[in-house]
Amino acid sequence: MSGNRKKERLLALVAGAAIAFNYPLLYLFGGGGNLFGWPLLVVYLFAVWLFVIVLTAVLMERRSPPSAEPPLPEVTPSPDD
């Protein structure tokens, strides 16, 4: 993946995280419901936080594809040199 493409994806991830942690969505999950005894807002916050961390790790660890150029041959010194 090219450096420019990686920057664009990380920027989109930051924008998505900013939206996910913004008031309107937090208000939707802050209604007082429970999931397995945990408040729904807490479950939402930790789930989104985990998703952002995992997606960041995946984006940062993705390797760029090999170039189309063939590799250079190895040059070994001759015993005469």
# chains A, B, ... in the order shown; residues from 1 in each chain; ligands from 1
>>> residues_around(residues="region 43-60 of chain A", least_positions_apart="2", cutoff="9 Å", atoms="only C-alpha atoms", output="PyMOL selection string")
chain A and resi 6+9-10+13-14+16-17+20-21+26+29+34-35+38-41+62-63
>>> write_last_selection(atoms="C-alpha atoms", output="PDB file, in the first residue's frame")
ATOM      1  CA  LYS A   6      -2.256   4.594   4.018  1.00  0.00           C
ATOM      2  CA  ARG A   9      -7.198   5.387   5.302  1.00  0.00           C
ATOM      3  CA  LEU A  10      -5.843   6.469   8.670  1.00  0.00           C
ATOM      4  CA  LEU A  13     -10.358   6.045  10.566  1.00  0.00           C
ATOM      5  CA  VAL A  14      -9.753   9.129  12.724  1.00  0.00           C
ATOM      6  CA  GLY A  16     -14.932   7.774  11.837  1.00  0.00           C
ATOM      7  CA  ALA A  17     -13.691   7.493  15.428  1.00  0.00           C
ATOM      8  CA  ALA A  20     -18.377   7.441  16.856  1.00  0.00           C
ATOM      9  CA  PHE A  21     -17.267   9.208  20.048  1.00  0.00           C
ATOM     10  CA  LEU A  26     -23.247   8.537  22.721  1.00  0.00           C
ATOM     11  CA  PHE A  29     -26.473   4.375  23.750  1.00  0.00           C
ATOM     12  CA  ASN A  34     -28.018  -3.158  29.978  1.00  0.00           C
ATOM     13  CA  LEU A  35     -26.129  -5.857  28.105  1.00  0.00           C
ATOM     14  CA  TRP A  38     -23.167  -3.773  31.864  1.00  0.00           C
ATOM     15  CA  PRO A  39     -24.564  -0.367  30.930  1.00  0.00           C
ATOM     16  CA  LEU A  40     -25.018  -0.127  27.173  1.00  0.00           C
ATOM     17  CA  LEU A  41     -22.971   3.070  26.982  1.00  0.00           C
ATOM     18  CA  ARG A  62      -0.225  -4.028   6.118  1.00  0.00           C
ATOM     19  CA  ARG A  63       2.772  -4.398   3.870  1.00  0.00           C
TER      20      ARG A  63
END
>>> atom_distance(atom1="CA of Val42 (chain A)", atom2="CA of Tyr23 (chain A)")
14.1 Å
>>> select_by_dssp(residues="chain A", states="helix (DSSP H, G or I)", output="MDAnalysis selection string")
chainID A and resid 3:20 23:29 40:61
>>> atom_distance(atom1="CA of Phe36 (chain A)", atom2="CA of Ala18 (chain A)")
26.7 Å
>>> select_by_dssp(residues="region 5-74 of chain A", states="strand (DSSP E or B)", output="VMD selection string")
chain A and resid 34 to 35 38 to 39
>>> write_last_selection(atoms="N, CA, C and O atoms", output="CSV table (one decimal), in the first residue's frame")
chain,number,residue,atom,x,y,z
A,34,ASN,N,-29.1,-2.3,29.5
A,34,ASN,CA,-28.0,-3.2,30.0
A,34,ASN,C,-27.8,-4.3,29.0
A,34,ASN,O,-28.7,-4.8,28.3
A,35,LEU,N,-26.5,-4.7,28.9
A,35,LEU,CA,-26.1,-5.9,28.1
A,35,LEU,C,-25.2,-6.7,29.0
A,35,LEU,O,-24.1,-6.3,29.3
A,38,TRP,N,-24.0,-5.0,32.1
A,38,TRP,CA,-23.2,-3.8,31.9
A,38,TRP,C,-24.0,-2.7,31.2
A,38,TRP,O,-24.8,-3.0,30.3
A,39,PRO,N,-23.8,-1.4,31.6
A,39,PRO,CA,-24.6,-0.4,30.9
A,39,PRO,C,-24.2,-0.3,29.4
A,39,PRO,O,-23.1,-0.5,29.1
>>> atom_distance(atom1="CA of Gly37 (chain A)", atom2="CA of Ile19 (chain A)")
26.3 Å
